[in-house]
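Structure data follow from structure.cif (mmCIF, C-alpha atoms):
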data_upload
#
loop_
_atom_site.label_atom_id
_atom_site.label_comp_id
_atom_site.auth_asym_id
_atom_site.auth_seq_id
_atom_site.Cartn_x
_atom_site.Cartn_y
_atom_site.Cartn_z
CA MET W 169 -6.07 -15.45 -36.63
CA THR W 170 -7.70 -12.42 -35.02
CA LEU W 171 -8.47 -14.48 -31.94
CA LEU W 172 -4.84 -15.63 -31.72
CA LEU W 173 -3.61 -12.07 -32.05
CA ALA W 174 -6.03 -10.90 -29.39
CA SER W 175 -4.97 -13.62 -26.97
CA THR W 176 -1.28 -12.87 -27.59
CA ALA W 177 -1.91 -9.19 -26.95
CA GLY W 178 -3.73 -10.12 -23.74
CA ASP W 179 -0.79 -12.25 -22.63
CA VAL W 180 1.66 -9.45 -23.35
CA LEU W 181 -0.48 -7.06 -21.32
CA THR W 182 -0.65 -9.59 -18.48
CA TRP W 183 3.13 -9.92 -18.52
CA ILE W 184 3.61 -6.15 -18.50
CA VAL W 185 1.30 -5.74 -15.50
CA TRP W 186 2.94 -8.71 -13.78
CA VAL W 187 6.49 -7.40 -14.25
CA ALA W 188 5.50 -3.92 -13.09
CA ALA W 189 3.75 -5.28 -9.99
CA ALA W 190 6.64 -7.67 -9.24
CA LEU W 191 9.22 -4.89 -9.53
CA ALA W 192 7.14 -2.62 -7.28
CA LEU W 193 6.72 -5.51 -4.82
CA LEU W 194 10.44 -6.23 -4.56
CA THR W 195 11.49 -2.56 -4.51
CA THR W 196 9.08 -1.70 -1.70
CA GLY W 197 10.04 -4.90 0.14
CA PHE W 198 13.73 -3.94 0.07
CA ALA W 199 12.77 -0.40 1.03
CA VAL W 200 10.94 -1.63 4.16
CA VAL W 201 14.06 -3.46 5.30
CA LEU W 202 16.57 -0.74 4.33
CA PHE W 203 14.89 2.53 5.38
CA SER W 204 16.26 3.72 8.71
CA ASN W 205 13.10 5.66 9.61
CA PRO W 206 10.22 3.31 10.66
CA PHE W 207 7.73 5.82 9.27
CA TYR W 208 9.14 5.48 5.74
CA SER W 209 9.30 1.70 6.18
CA ALA W 210 5.60 1.61 7.02
CA LEU W 211 4.77 3.79 3.99
CA ALA W 212 6.81 1.47 1.76
CA LEU W 213 4.92 -1.50 3.21
CA ILE W 214 1.64 0.07 2.08
CA GLY W 215 3.01 0.10 -1.49
CA ASN W 216 4.10 -3.50 -0.99
CA PHE W 217 0.56 -4.53 -0.03
CA GLY W 218 -0.88 -2.60 -2.98
CA SER W 219 1.32 -4.40 -5.51
CA LEU W 220 0.47 -7.71 -3.83
CA ALA W 221 -3.22 -6.91 -4.38
CA ILE W 222 -2.51 -6.43 -8.11
CA LEU W 223 -0.84 -9.85 -8.22
CA TYR W 224 -3.84 -11.37 -6.45
CA LEU W 225 -6.10 -9.87 -9.11
CA LEU W 226 -3.93 -11.47 -11.81
CA LEU W 227 -4.42 -14.79 -9.99
CA SER W 228 -8.21 -14.22 -10.13
CA ALA W 229 -8.51 -13.87 -6.35
CA GLU W 230 -10.68 -10.77 -6.37
CA PHE W 231 -12.04 -11.05 -2.86
CA VAL W 232 -8.62 -11.63 -1.32
CA ALA W 233 -7.26 -8.62 -3.23
CA ALA W 234 -10.04 -6.42 -1.85
CA ALA W 235 -9.48 -7.77 1.66
CA GLN W 236 -5.75 -7.16 1.26
CA VAL W 237 -6.29 -3.49 0.47
CA LEU W 238 -8.98 -2.97 3.12
CA VAL W 239 -7.52 -4.98 6.00
CA TYR W 240 -3.78 -4.63 5.43
CA ALA W 241 -3.16 -1.42 3.54
CA GLY W 242 -6.06 0.17 5.39
CA ALA W 243 -6.58 -0.98 8.95
CA VAL W 244 -3.30 -2.66 9.92
CA MET W 245 -1.07 0.02 8.45
CA VAL W 246 -3.08 2.82 10.06
CA LEU W 247 -2.53 1.06 13.39
CA PHE W 248 1.20 0.85 12.61
CA LEU W 249 1.42 4.51 11.66
CA PHE W 250 -0.44 5.53 14.83
CA VAL W 251 1.99 3.60 17.01
CA ILE W 252 5.02 4.92 15.11
CA GLY W 253 3.66 8.43 15.53
CA TYR W 254 3.04 7.78 19.24
CA LEU W 255 6.54 6.45 19.83
CA GLY W 256 8.22 9.16 17.77
CA GLY W 257 9.71 6.87 15.13
CA HIS W 258 13.30 6.68 16.34
CA ALA W 259 15.73 6.23 13.49
CA ASP W 260 17.47 2.88 13.46
CA THR W 261 20.18 2.61 10.84
CA PRO W 262 20.10 -0.92 9.44
CA TRP W 263 23.84 -1.50 9.21
CA ALA W 264 25.11 0.23 12.34
CA GLY W 265 25.40 -1.22 15.83
CA GLY W 266 25.12 -4.84 16.80
CA ARG W 267 27.65 -7.46 15.90
CA ARG W 268 28.93 -7.62 12.36
CA VAL W 269 29.19 -11.41 12.33
CA LEU W 270 25.47 -11.71 13.19
CA ARG W 271 24.48 -9.55 10.24
CA LEU W 272 26.70 -11.50 7.87
CA THR W 273 25.23 -14.77 9.17
CA ALA W 274 21.73 -13.40 8.64
CA LEU W 275 22.54 -12.52 5.04
CA ALA W 276 24.10 -15.96 4.46
CA VAL W 277 21.06 -17.73 5.93
CA GLY W 278 18.73 -15.62 3.79
CA ALA W 279 20.72 -16.39 0.65
CA ALA W 280 20.67 -20.09 1.55
CA ILE W 281 16.85 -20.09 1.89
CA LEU W 282 16.55 -18.25 -1.44
CA VAL W 283 18.86 -20.57 -3.41
CA GLU W 284 17.32 -23.69 -1.92
CA SER W 285 13.73 -22.67 -2.71
CA VAL W 286 14.52 -21.44 -6.21
CA VAL W 287 16.30 -24.73 -7.02
CA ALA W 288 13.35 -26.70 -5.66
CA ILE W 289 10.91 -24.67 -7.76
CA ALA W 290 13.06 -24.93 -10.88
CA LEU W 291 13.26 -28.72 -10.53
CA GLU W 292 9.46 -28.92 -10.59
CA ALA W 293 8.85 -26.15 -13.13
CA ASN W 294 8.44 -28.50 -16.09
CA GLY W 295 6.73 -31.26 -14.13
CA SER W 296 3.74 -30.87 -11.85
CA LEU W 297 3.93 -27.07 -11.93
CA SER W 298 3.55 -26.68 -15.70
CA SER W 299 -0.16 -27.43 -16.15
CA GLU W 300 -2.74 -25.02 -14.85
CA ALA W 301 -6.29 -25.99 -13.93
CA GLU W 302 -9.28 -24.50 -15.74
CA ILE W 303 -11.40 -22.30 -13.51
CA SER W 304 -14.91 -20.98 -13.79
CA GLY W 305 -15.82 -17.31 -13.73
CA ALA W 306 -17.02 -17.53 -10.11
CA PHE W 307 -13.58 -18.57 -8.85
CA GLY W 308 -12.38 -16.17 -6.15
CA SER W 309 -15.58 -14.12 -6.13
CA PRO W 310 -17.08 -13.05 -2.79
CA ALA W 311 -20.00 -15.45 -3.33
CA GLU W 312 -17.68 -18.41 -3.81
CA ILE W 313 -15.51 -17.46 -0.79
CA GLY W 314 -18.64 -17.04 1.33
CA ARG W 315 -20.01 -20.41 0.22
CA LEU W 316 -16.70 -22.13 1.11
CA PHE W 317 -16.47 -20.37 4.47
CA LEU W 318 -20.01 -21.30 5.49
CA SER W 319 -19.92 -24.88 4.24
CA ASP W 320 -16.56 -26.67 4.03
CA TYR W 321 -14.54 -24.35 6.27
CA LEU W 322 -17.10 -23.40 8.91
CA LEU W 323 -14.82 -24.48 11.76
CA ALA W 324 -11.98 -22.31 10.44
CA PHE W 325 -14.42 -19.40 10.19
CA GLU W 326 -15.51 -19.77 13.83
CA VAL W 327 -11.96 -20.25 15.11
CA THR W 328 -11.01 -17.09 13.22
CA SER W 329 -13.58 -15.08 15.15
CA ILE W 330 -12.24 -16.44 18.45
CA ILE W 331 -8.69 -15.46 17.43
CA LEU W 332 -9.89 -11.94 16.66
CA LEU W 333 -11.65 -11.75 20.04
CA VAL W 334 -8.54 -12.93 21.89
CA GLY W 335 -6.42 -10.46 19.92
CA ALA W 336 -8.76 -7.59 20.79
CA VAL W 337 -8.81 -8.50 24.49
CA GLY W 338 -5.02 -8.84 24.51
CA GLY W 339 -4.61 -5.48 22.79
CA VAL W 340 -6.85 -3.77 25.34
CA ILE W 341 -5.06 -5.38 28.30
CA LEU W 342 -1.60 -4.53 26.95
CA GLY W 343 -2.59 -1.02 25.98
CA SER W 344 -4.53 -0.04 29.09
CA GLY W 345 -1.47 -0.25 31.37
CA MET W 346 -2.06 -2.43 34.40
CA LYS W 347 -2.15 -0.47 37.66
CA ARG W 348 0.51 -2.37 39.55
CA ASP W 349 3.00 -1.67 36.77
CA ARG W 350 2.72 2.10 37.13
CA THR W 351 5.72 2.41 39.52
CA PRO W 352 8.51 4.22 37.71
CA ARG W 353 11.52 2.10 37.14
CA ASN W 354 13.96 4.06 39.38
CA GLU W 355 11.63 3.84 42.41
CA LEU W 356 11.72 0.04 42.60
CA PRO W 357 13.14 -1.34 45.89
CA PRO W 358 16.80 -2.29 45.53
CA GLN W 359 17.26 -5.94 44.63
CA PRO W 360 19.89 -7.98 46.49
CA PRO W 361 22.84 -8.98 44.31
CA VAL W 362 22.56 -12.26 42.45
CA GLU W 363 25.12 -14.06 44.67
CA GLN W 364 23.07 -13.42 47.83
CA ARG W 365 19.88 -14.65 46.17
CA GLU W 366 21.63 -17.79 45.05
CA MET W 367 22.95 -18.41 48.57
CA ALA W 368 19.49 -17.95 50.05
CA GLY W 369 18.16 -20.52 47.59
CA VAL W 370 15.71 -18.14 45.94
CA GLU W 371 16.64 -19.15 42.37
CA MET K 1141 2.88 -17.38 -25.31
CA ASN K 1142 1.12 -17.60 -22.00
CA GLY K 1143 0.78 -15.38 -18.95
CA PRO K 1144 3.15 -15.80 -16.02
CA GLY K 1145 2.98 -19.35 -14.69
CA ILE K 1146 2.96 -20.48 -11.11
CA ALA K 1147 6.77 -20.88 -11.02
CA ALA K 1148 7.19 -17.12 -11.59
CA TYR K 1149 4.86 -16.37 -8.68
CA LEU K 1150 6.65 -18.87 -6.45
CA VAL K 1151 10.08 -17.40 -7.20
CA LEU K 1152 8.71 -13.92 -6.50
CA SER K 1153 7.22 -15.15 -3.24
CA THR K 1154 10.54 -16.75 -2.26
CA ILE K 1155 12.48 -13.54 -2.88
CA LEU K 1156 9.91 -11.60 -0.85
CA PHE K 1157 10.07 -14.12 2.00
CA THR K 1158 13.87 -13.93 2.05
CA THR K 1159 13.71 -10.13 2.15
CA GLY K 1160 11.40 -10.30 5.14
CA ALA K 1161 13.52 -12.92 6.90
CA ILE K 1162 16.69 -10.87 6.47
CA GLY K 1163 14.81 -7.83 7.76
CA VAL K 1164 13.72 -9.72 10.88
CA LEU K 1165 17.28 -10.92 11.45
CA ILE K 1166 19.27 -7.72 10.89
CA ARG K 1167 16.98 -4.94 12.15
CA ARG K 1168 16.96 -3.98 15.83
CA SER K 1169 13.90 -1.74 16.07
CA PRO K 1170 10.95 -3.96 17.09
CA LEU K 1171 8.64 -1.89 14.89
CA ILE K 1172 10.61 -2.70 11.75
CA VAL K 1173 10.93 -6.33 12.84
CA LEU K 1174 7.11 -6.46 12.92
CA LEU K 1175 6.92 -4.83 9.48
CA ALA K 1176 9.38 -7.37 8.06
CA LEU K 1177 7.32 -10.13 9.67
CA GLU K 1178 4.30 -8.84 7.76
CA ILE K 1179 6.33 -9.16 4.54
CA MET K 1180 7.07 -12.81 5.36
CA LEU K 1181 3.38 -13.55 6.04
CA ASN K 1182 2.39 -11.90 2.78
CA ALA K 1183 4.98 -13.91 0.85
CA GLY K 1184 3.32 -17.03 2.26
CA ASN K 1185 -0.07 -15.68 1.22
CA LEU K 1186 1.18 -15.08 -2.32
CA SER K 1187 2.25 -18.73 -2.65
CA LEU K 1188 -1.05 -19.92 -1.20
CA ILE K 1189 -3.05 -17.92 -3.72
CA ALA K 1190 -0.78 -18.93 -6.60
CA PHE K 1191 -1.29 -22.59 -5.69
CA SER K 1192 -5.02 -21.99 -5.30
CA ARG K 1193 -5.16 -20.66 -8.88
CA HIS K 1194 -2.89 -23.46 -10.06
CA SER K 1195 -5.09 -26.24 -8.74
CA GLY K 1196 -8.39 -24.43 -9.33
CA ASP K 1197 -9.37 -24.96 -5.68
CA GLY K 1198 -10.64 -22.12 -3.51
CA ALA K 1199 -9.22 -23.62 -0.29
CA GLY K 1200 -5.94 -21.72 -0.72
CA GLN K 1201 -7.79 -18.41 -0.71
CA ILE K 1202 -9.63 -19.41 2.48
CA PHE K 1203 -6.26 -20.22 4.03
CA ALA K 1204 -4.86 -16.87 2.90
CA LEU K 1205 -7.79 -15.04 4.52
CA ALA K 1206 -7.17 -16.96 7.76
CA VAL K 1207 -3.50 -15.93 7.60
CA MET K 1208 -4.65 -12.30 7.24
CA VAL K 1209 -6.75 -12.60 10.39
CA VAL K 1210 -3.85 -14.12 12.33
CA ALA K 1211 -1.58 -11.35 11.04
CA ALA K 1212 -4.03 -8.68 12.17
CA ALA K 1213 -4.27 -10.21 15.65
CA GLU K 1214 -0.47 -10.52 15.77
CA VAL K 1215 -0.04 -6.86 14.87
CA VAL K 1216 -2.44 -5.80 17.63
CA VAL K 1217 -0.63 -7.85 20.26
CA GLY K 1218 2.84 -6.96 18.96
CA LEU K 1219 2.14 -3.23 18.86
CA GLY K 1220 0.56 -3.47 22.32
CA LEU K 1221 3.77 -5.07 23.58
CA ILE K 1222 5.90 -2.36 21.96
CA VAL K 1223 3.77 0.40 23.51
CA ALA K 1224 3.97 -1.35 26.91
CA MET K 1225 7.77 -1.57 26.50
CA SER K 1226 8.09 2.10 25.72
CA ARG K 1227 5.81 2.95 28.64
CA LYS K 1228 8.07 1.06 31.05
CA HIS K 1229 11.10 2.84 29.52
CA VAL K 1230 12.57 -0.36 28.14
CA PRO K 1231 14.85 0.57 25.22
CA LEU K 1232 13.21 -0.18 21.84
CA ASP K 1233 16.00 -2.47 20.68
CA VAL K 1234 15.49 -6.21 20.33
CA ASP K 1235 19.19 -6.83 21.03
CA LYS K 1236 18.79 -5.33 24.51
CA LEU K 1237 15.69 -7.37 25.39
CA ASP K 1238 17.60 -10.16 27.10
CA THR K 1239 16.00 -10.04 30.55
CA LEU K 1240 14.54 -13.52 30.13
CA LYS K 1241 17.90 -14.94 29.05
CA GLY K 1242 18.68 -18.01 31.22
#
Mind converting the file's structure to structure tokens?
Amino acid sequence: MTLLLASTAGDVLTWIVWVAAALALLTTGFAVVLFSNPFYSALALIGNFGSLAILYLLLSAEFVAAAQVLVYAGAVMVLFLFVIGYLGGHADTPWAGGRRVLRLTALAVGAAILVESVVAIALEANGSLSSEAEISGAFGSPAEIGRLFLSDYLLAFEVTSIILLVGAVGGVILGSGMKRDRTPRNELPPQPPVEQREMAGVE
Amino acid sequence: MNGPGIAAYLVLSTILFTTGAIGVLIRRSPLIVLLALEIMLNAGNLSLIAFSRHSGDGAGQIFALAVMVVAAAEVVVGLGLIVAMSRKHVPLDVDKLDTLKG
């Protein structure tokens, strides 16, 4: 009886934490899309990543939660905030400018994706999705992740390092500003009109 | 009574993905488009980890970590492109980036 009560209390606590994290996740997600100032959007995204880390902890993925906070909420968002600070963070009102029909189509497409996926999940909710596997205490721990990375998924691990290298090289090349591109835009030689180029067969 | 099942996580992940997709479609600032893209990637990660817990297999977490690495590389290249755009005085508006249009 005491054990049952304790487990029920644990479940209630889990639900409370889950609902709080889910509400924070959705609120900050909407905030990222709706804020007109990119700086506020980036700050809201940090909260989004934080609530995702809480959900990962509830799914017993401790290492991924730690990596989420360190890599995303830490490194990636600092990079974002630096660039937004560098560019001045121009305000961009979400509902102004552009074509109205495009925005309405975007909303309709988003709603279609949402309805379709929720129906697909609901159809399976009492079937293959209802039973949950038993896991050991080591599941999701750094030791277990490390063992998987260095045994079964060694190729993925190595490819990952190559991707990071390519990303770093690309970032340096894009950020360093290649010398031949330094000509200001209004000093470029005048281009012949399109009709002349077409007649000369340059296309 | 049990804790939240995988269906709850999947619905949450779907709503988050849709939010990100709508953000990518309606926003014009490339910075916010990148931020919304991050939301979409993270929604995918949430499903991966929920399925990993559901099946008791650590492979989903490995996949999620790989997605994180790809997202980090994508942010570096995307932000580099945005800085290069602003340096060449191209307007920071994805609707005006139609120079490659056929």
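Atom pair atom CA of Trp183 of chain W / atom CA of Leu1152 of chain K has a distance of 13.8 Å (rounded to one decimal).
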For segment 305-307 of chain W: contacts at 8 Å, all atoms listed in the file, fewer than 5 positions along chain excluded, given as number ranges by chain | W: 228-229, 312; K: 1196, 1198
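Between atom CA of Ser329 of chain W and atom CA of Glu1178 of chain K lies a distance of 20.3 Å.
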Do you know which residues the PyMOL selection byres ((chain W and resi 215) around 10) returns on this file, as an mmCIF file with C-alpha atoms, keeping the file's coordinate frame?
data_model
loop_
_atom_site.group_PDB
_atom_site.id
_atom_site.type_symbol
_atom_site.label_atom_id
_atom_site.label_comp_id
_atom_site.auth_asym_id
_atom_site.auth_seq_id
_atom_site.Cartn_x
_atom_site.Cartn_y
_atom_site.Cartn_z
ATOM 1 C CA ALA W 192 7.140 -2.620 -7.280
ATOM 2 C CA LEU W 193 6.720 -5.510 -4.820
ATOM 3 C CA THR W 195 11.490 -2.560 -4.510
ATOM 4 C CA THR W 196 9.080 -1.700 -1.700
ATOM 5 C CA GLY W 197 10.040 -4.900 0.140
ATOM 6 C CA VAL W 200 10.940 -1.630 4.160
ATOM 7 C CA ALA W 210 5.600 1.610 7.020
ATOM 8 C CA LEU W 211 4.770 3.790 3.990
ATOM 9 C CA ALA W 212 6.810 1.470 1.760
ATOM 10 C CA LEU W 213 4.920 -1.500 3.210
ATOM 11 C CA ILE W 214 1.640 0.070 2.080
ATOM 12 C CA ASN W 216 4.100 -3.500 -0.990
ATOM 13 C CA PHE W 217 0.560 -4.530 -0.030
ATOM 14 C CA GLY W 218 -0.880 -2.600 -2.980
ATOM 15 C CA SER W 219 1.320 -4.400 -5.510
ATOM 16 C CA LEU W 220 0.470 -7.710 -3.830
ATOM 17 C CA ALA W 221 -3.220 -6.910 -4.380
ATOM 18 C CA ALA W 241 -3.160 -1.420 3.540
#
Compile the contact shell of Val1173 of chain K as a ChimeraX atom specification: residues with an atom at most 6 Å away, counting all atoms listed in the file, same-chain residues fewer than 3 positions apart removed.
-> /K:1164,1170,1176
